[in-house]
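These notes concern the structure reproduced below.
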Amino acid sequence: MSDASLWLTTLLAAIISLLAIFYAVSPLLKPGKATLVLDDDKFTELLGRKDATLQAIKDLEFDYRVGKISHEDFQRLDQRLRRQAISLLQQLEKMAPATSTLDEQLETIIAQFRKTITTETPVAEPVATVRETEMQPDISTESSTDAQVTAQMTRFCVTCGKPVGAEHKFCAHCGTPVAQPDPASLA
Amino acid sequence: MIFNVGYLILITAMLLTAFGVVVGFWGGQTRNAKLAASSFNALYATAVLVAIASIILWYGLLTDQFQLTYVWNHSERALPLFYKFAALWGGQAGSLLFWTLILSVYSVIVAVGNREQHQRLMPYVNAVLMGTTFFFLTLLVFAANPFAQVGFLPPDGRGLNPLLQNYWMVIHPVMLYLGYVGMSVPFAFAVAALISKKLDNEWVRSVRRWTLIPWMFLSVGIIMGSQWAYMELGWGGYWAWDPVENASFLPWLTGTAFLHSVIIQEQRGILKIWNIILIWLTYFLVILGTFTTRSGIIESVHSFARSDVGPFFLTFMVIILFGFLVLLFKRLPLLKDDQTIDSYASREAAFLANNWIFTAIAFATLWGTFFPMFSEIFTGDRISVAAPFFNKVNGPLFLILFVLMGAGPLLGWRHTSVESFRKQFTWPVAGALVVAAGASFISRNIYPIIGLAACGFVTATIVQEYVRGILARRSANNENAVVAMGNLYRRNGRRYGGYLVHLAIVMIGVAVVGNEFYQQTTHVTLAQGESVEIGGYELVYTGLISREASNRSEIVAPVMVYDSASGRLLTTLQPQRNIYYKNPDAPTSEVGLRMTPVEDVYVLLNGWDSGGEIATFTIYINPLTLWMWLGGIVLVIGTLIAVWPHPSARRASERATEVVYGPGVGASV
């Protein structure tokens, strides 16, 4: 190899290499303190487990319909899965408002509710959807019949517009979590 | 000059991956976003560098740069362009570079696709993927440099191995590598989950698609390899249990077991340790497979000593083995199962049994593959175990597997009552009996009857599942049969796509039984115009034709095939031999083949005398072989249906990102 070609080789390889190295190192050179990687995993995990549980309920129903499991087994397992799903949804609900955008969304929803109460219009306009499920599990039957009803009022689901029972945490029709009305504001 | 640049780039890439491994692990430990971002950038930069290096080698191959040892050894001027392109994976150094290229492309797709969703896991995933890339780059830099030069300029290359000059041989390794390399992704997630102690179901869910796709490529690769063996090696069969075939089959077995057992973990929260072990085993077998095919250890332990890459592989495998075991041991307390198996008459029990069988087949195959090596080490004599060993051990295991494949879907999760049992099994068992009765008319041999009955059982199960699924949808949603079937796929593609894959396996099983038990063969010498009768066909030799192609001469011996009962001419087959100018001592054989769904007429030209006055042929009648290739197509369709995102899942994932971070927040992290 001639000298010129040796130089050219080295130069070309050096340029490509330096570019690549610089690109890889560049995030470390950025000024400012490094932020911590978000610990969103609990939420993702819960969301995933919720999806899996809802899918399992659906599968179970399907298995029952095609005669793969007996009626007793179906009822027993269905109850178990539904309880699991509710507990997951409750946990999710507890976590979800922690994020700023959700707070805003909830504010809008609450504002919407107040408007509904004051004007007594039976139909609430759908606002931003917090979360909807394809599954439409009818989990209302699982809720306790505690008489701790906050107020004598009709609430409506923000997604589908159907009335929601006062003690319900989720819409019985479409499964959307229902924001709990603030007792203070109603008093 | 440009080739030196290629080599230097590989060195940079190697250093960069080492850097990436460090910042990945470190960033994962400290949860430092800058370090994590740096690991992503290192991964992208490496991919670009490896791509440049590959392009340089391709350039060398396509423009006949014979001063490169690799090009000199694996190409020639007269080689058709298509094969020049494919010569990148025709030899050791090139195929290792190709491995690295595929791994980096996969890594980029994984990194881009999961960056926002799995922020805690991803730095570790990056680190593990780059760790594997680092290993292959070390091989390329220190032991198998694809840019090594001869030192002078040879006028022409030595030519590509004639056996590799076949259409299937060009795609087969690509598919196999896509499958092999892709298995690193689920492994990377498993290790990430272990290190970060996030051993919930997140990693399992995120790798489902990433296991199915490589699994599909691996399956297609294996089937294409069989097709190549069938068409090119010319011994009438498609699978010989030779070490190279086994190398691809082993990770397929454990990978398939993993695919099934992760479903139980998702559904029931059990088998957590087992799943981690299975995916590690799959990854280990991938590396072992690459090692066995690349180091020559199976041919002889002595060739291993001469091999440059062998010691590197051995070191890497020891690291994977012990590193993983230590990590697993440390995390054992976190891997407690959420529940237990309630009943043996449940789907999870069937899945568990399926896992045992898969593992048993894998171990039997592994043992048979490495037995010659151990015998040589310990006794000095090389004792090979041949196809009969594998067939005897694996045949019955596969039979059990088929029965489970039929029974599993019929059982419900957790528990199946006697009544449901009866309701579910009546038709499939009837199907099996009908097939058995039909098969017993053809031959009295009990084994193929059992085998075909098992195939009938599984097929009846699948048909019943579809029919009942469609009926259930029809009654619940008032859909017609076609819409109902479409919705089964759309809403539960995982299950119904999976059944299609089962059907594909049955088709392959049918072909195997047909070939194994009903094959007919004869070896004849025919003079011009003479004929031979076999299996209801009459074959007439018509004389020899010689043709010239760019890098070889082709000797063709047309044989006319008649139906012996009616005397009708069915076809004229063209068995031929190719004599490559660069490798005249290794003539290859092209089979004359007539394929029908019932059987193949497979004619091989062995030799000729007196300028073609007489020629010798080996003729096989291979029943049902076509179903193996059709099974391959169905397998791909079924897998694609299974990986297709569920309509709600698609929306959910878009939503999840938005809910957590707010629109556009994730992008800036």
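Residue numbering restarts at 1 for every chain of the structure tokens, chains are lettered A, B, ... in their displayed order, and ligands are numbered from 1 as they appear.
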Using only C-alpha atoms and a distance of at most 7 Å, pull out the residues of chain B that contact chain A, as a compact mmCIF listing (two decimals) with C-alpha atoms, in the first residue's frame.
```txt
# COMPACT_ATOMS: atom_id res chain seq x y z
CA MET B 1 -7.79 0.53 0.70
CA ILE B 2 -11.49 0.56 1.30
CA ASN B 4 -8.80 -1.67 5.47
CA VAL B 5 -11.39 0.95 6.27
CA LEU B 8 -10.94 -0.49 11.12
CA ILE B 9 -14.66 0.22 11.29
CA THR B 12 -14.46 0.83 16.26
CA LEU B 16 -18.37 0.98 20.82
CA ARG B 31 -31.38 4.87 36.44
CA ASN B 32 -29.44 7.74 34.93
CA ALA B 33 -31.23 8.96 31.81
CA LYS B 34 -28.05 10.28 30.19
CA LEU B 35 -26.29 6.93 30.45
CA ALA B 37 -29.60 7.52 26.20
CA SER B 38 -25.93 6.93 25.53
CA ASN B 41 -26.90 5.89 20.73
CA ALA B 42 -24.07 3.40 20.98
CA ALA B 45 -24.01 3.84 15.89
CA GLN B 119 -37.73 2.44 30.31
CA ARG B 120 -36.39 0.50 33.25
CA GLU B 202 -43.84 -7.37 31.92
CA GLN B 267 -52.53 -16.66 32.35
CA LEU B 410 -59.68 -29.27 24.27
CA LEU B 411 -59.04 -28.80 27.97
CA GLY B 412 -60.12 -25.75 29.90
CA THR B 416 -62.03 -29.88 33.04
CA SER B 417 -65.09 -31.73 34.27
CA SER B 420 -66.89 -31.37 29.25
CA GLN B 424 -64.78 -32.24 23.78
CA ARG B 468 -67.50 -24.43 17.72
CA GLY B 469 -65.85 -21.02 17.76
CA ALA B 472 -70.51 -19.54 19.30
CA SER B 648 -57.90 -3.19 21.32
CA VAL B 659 -51.70 8.39 29.56
CA VAL B 660 -48.42 7.88 31.32
CA GLY B 662 -48.81 12.83 28.20
```
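Every protein or nucleic acid residue with an atom no more than 9 Å from B:Lys336, counting only C-alpha atoms and leaving out same-chain residues fewer than 5 positions away, appears here: Ile270, Leu271, Lys272 and Ile273 of chain B.
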Let's have the selection written as a PDB file, in the first residue's frame, with N, CA and C atoms.
```pdb
ATOM      1  N   ILE B 270     -47.591 -18.907  36.807  1.00  0.00           N
ATOM      2  CA  ILE B 270     -46.742 -20.007  37.266  1.00  0.00           C
ATOM      3  C   ILE B 270     -45.619 -20.253  36.246  1.00  0.00           C
ATOM      4  N   LEU B 271     -44.706 -21.138  36.586  1.00  0.00           N
ATOM      5  CA  LEU B 271     -43.576 -21.522  35.726  1.00  0.00           C
ATOM      6  C   LEU B 271     -42.597 -20.381  35.459  1.00  0.00           C
ATOM      7  N   LYS B 272     -42.442 -19.477  36.415  1.00  0.00           N
ATOM      8  CA  LYS B 272     -41.584 -18.316  36.161  1.00  0.00           C
ATOM      9  C   LYS B 272     -40.118 -18.706  35.975  1.00  0.00           C
ATOM     10  N   ILE B 273     -39.638 -19.576  36.861  1.00  0.00           N
ATOM     11  CA  ILE B 273     -38.237 -19.981  36.767  1.00  0.00           C
ATOM     12  C   ILE B 273     -38.007 -20.761  35.485  1.00  0.00           C
TER      13      ILE B 273
END
```
### Query
Any idea what's packed within 8 Å of A:Val178, counting only C-alpha atoms, ignoring anything in its chain fewer than 4 positions away? Could you give it as a ChimeraX atom specification?
/A:157-158,168-171
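Shell of stretch 488-498 of chain B at 9 Å, with only C-alpha atoms counted and residues fewer than 6 places along the chain excluded, is Asp59 of chain A; Ile462, Glu465, Tyr466, Gly469, Ile470, Arg473, Leu635, Ile637, Gly638, Thr639, Leu640, Ile641, Ala642, Val643, Trp644, Pro645, His646, Pro647 and Ser648 of chain B.
One distance worth recording is that between atom CA of B:Pro162 and atom CA of B:Ala586, which is 7.5 Å.
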Shell around B:Thr521 at 7 Å using only C-alpha atoms, local window under 5 positions removed, as a PDB file with N, CA and C atoms, in the first residue's frame:
```
ATOM      1  N   ILE B 619     -34.176 -44.289  -7.977  1.00  0.00           N
ATOM      2  CA  ILE B 619     -35.536 -43.753  -8.071  1.00  0.00           C
ATOM      3  C   ILE B 619     -36.231 -43.940  -6.731  1.00  0.00           C
ATOM      4  N   TYR B 620     -36.858 -42.871  -6.270  1.00  0.00           N
ATOM      5  CA  TYR B 620     -37.630 -42.960  -5.028  1.00  0.00           C
ATOM      6  C   TYR B 620     -39.076 -42.583  -5.323  1.00  0.00           C
ATOM      7  N   ILE B 621     -39.995 -43.274  -4.672  1.00  0.00           N
ATOM      8  CA  ILE B 621     -41.376 -42.813  -4.642  1.00  0.00           C
ATOM      9  C   ILE B 621     -41.610 -42.338  -3.210  1.00  0.00           C
TER      10      ILE B 621
END
```
### Task
Record the distance separating atom CA of B:Ala36 and atom CA of B:Trp210, expressed in Å with one decimal.
21.8 Å
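The two atoms in question, atom CA of B:Gly486 and atom CA of B:Ala504, are spaced 19.2 Å apart.
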#### Entry: Close residues, B:Leu10 itself excluded, 7 Å, only C-alpha atoms, min 6 positions apart in chain, as number ranges by chain
B: 50, 53, 137, 141
Now that the selection is made, can you save its residues with C-alpha atoms as a CSV table (one decimal), in the first residue's frame?
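Heads up, here's the output in selection.csv:
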```csv
chain,number,residue,atom,x,y,z
B,50,VAL,CA,-21.7,-2.9,10.9
B,53,ALA,CA,-18.7,-3.0,6.9
B,137,LEU,CA,-17.3,-8.4,16.6
B,141,VAL,CA,-11.7,-8.6,14.6
```
### Query
DSSP says helix (DSSP H, G or I) for which residues of stretch 101-159 of chain B? Put them as a PyMOL selection string?
chain B and resi 101-114+122-143
Pull C-alpha atoms from the residues just selected and write them as a PDB file, in the first residue's frame.
```pdb
ATOM      1  CA  LEU B 101     -25.525  -7.336  10.799  1.00  0.00           C
ATOM      2  CA  ILE B 102     -28.841  -9.054  11.498  1.00  0.00           C
ATOM      3  CA  LEU B 103     -28.299  -8.763  15.233  1.00  0.00           C
ATOM      4  CA  SER B 104     -27.657  -5.036  14.979  1.00  0.00           C
ATOM      5  CA  VAL B 105     -30.709  -4.495  12.793  1.00  0.00           C
ATOM      6  CA  TYR B 106     -32.857  -6.448  15.257  1.00  0.00           C
ATOM      7  CA  SER B 107     -31.356  -4.488  18.136  1.00  0.00           C
ATOM      8  CA  VAL B 108     -32.252  -1.193  16.496  1.00  0.00           C
ATOM      9  CA  ILE B 109     -35.840  -2.303  15.892  1.00  0.00           C
ATOM     10  CA  VAL B 110     -36.146  -3.484  19.497  1.00  0.00           C
ATOM     11  CA  ALA B 111     -34.587  -0.314  20.880  1.00  0.00           C
ATOM     12  CA  VAL B 112     -36.793   1.992  18.839  1.00  0.00           C
ATOM     13  CA  GLY B 113     -39.930  -0.020  19.497  1.00  0.00           C
ATOM     14  CA  ASN B 114     -39.552  -0.392  23.268  1.00  0.00           C
ATOM     15  CA  MET B 122     -34.256  -1.135  28.101  1.00  0.00           C
ATOM     16  CA  PRO B 123     -30.765  -0.072  29.231  1.00  0.00           C
ATOM     17  CA  TYR B 124     -30.140  -3.665  30.293  1.00  0.00           C
ATOM     18  CA  VAL B 125     -31.702  -5.024  27.127  1.00  0.00           C
ATOM     19  CA  ASN B 126     -29.377  -2.782  25.127  1.00  0.00           C
ATOM     20  CA  ALA B 127     -26.448  -3.988  27.177  1.00  0.00           C
ATOM     21  CA  VAL B 128     -27.222  -7.671  26.642  1.00  0.00           C
ATOM     22  CA  LEU B 129     -27.817  -7.237  22.922  1.00  0.00           C
ATOM     23  CA  MET B 130     -24.621  -5.260  22.552  1.00  0.00           C
ATOM     24  CA  GLY B 131     -22.818  -7.842  24.650  1.00  0.00           C
ATOM     25  CA  THR B 132     -23.735 -10.452  22.060  1.00  0.00           C
ATOM     26  CA  THR B 133     -22.781  -8.087  19.240  1.00  0.00           C
ATOM     27  CA  PHE B 134     -19.510  -7.427  21.024  1.00  0.00           C
ATOM     28  CA  PHE B 135     -18.730 -11.118  21.075  1.00  0.00           C
ATOM     29  CA  PHE B 136     -19.325 -11.514  17.351  1.00  0.00           C
ATOM     30  CA  LEU B 137     -17.308  -8.400  16.603  1.00  0.00           C
ATOM     31  CA  THR B 138     -14.401  -9.800  18.624  1.00  0.00           C
ATOM     32  CA  LEU B 139     -14.576 -12.892  16.445  1.00  0.00           C
ATOM     33  CA  LEU B 140     -14.520 -10.758  13.314  1.00  0.00           C
ATOM     34  CA  VAL B 141     -11.660  -8.612  14.553  1.00  0.00           C
ATOM     35  CA  PHE B 142      -9.429 -11.297  16.055  1.00  0.00           C
ATOM     36  CA  ALA B 143     -10.333 -14.664  14.556  1.00  0.00           C
TER      37      ALA B 143
END
```
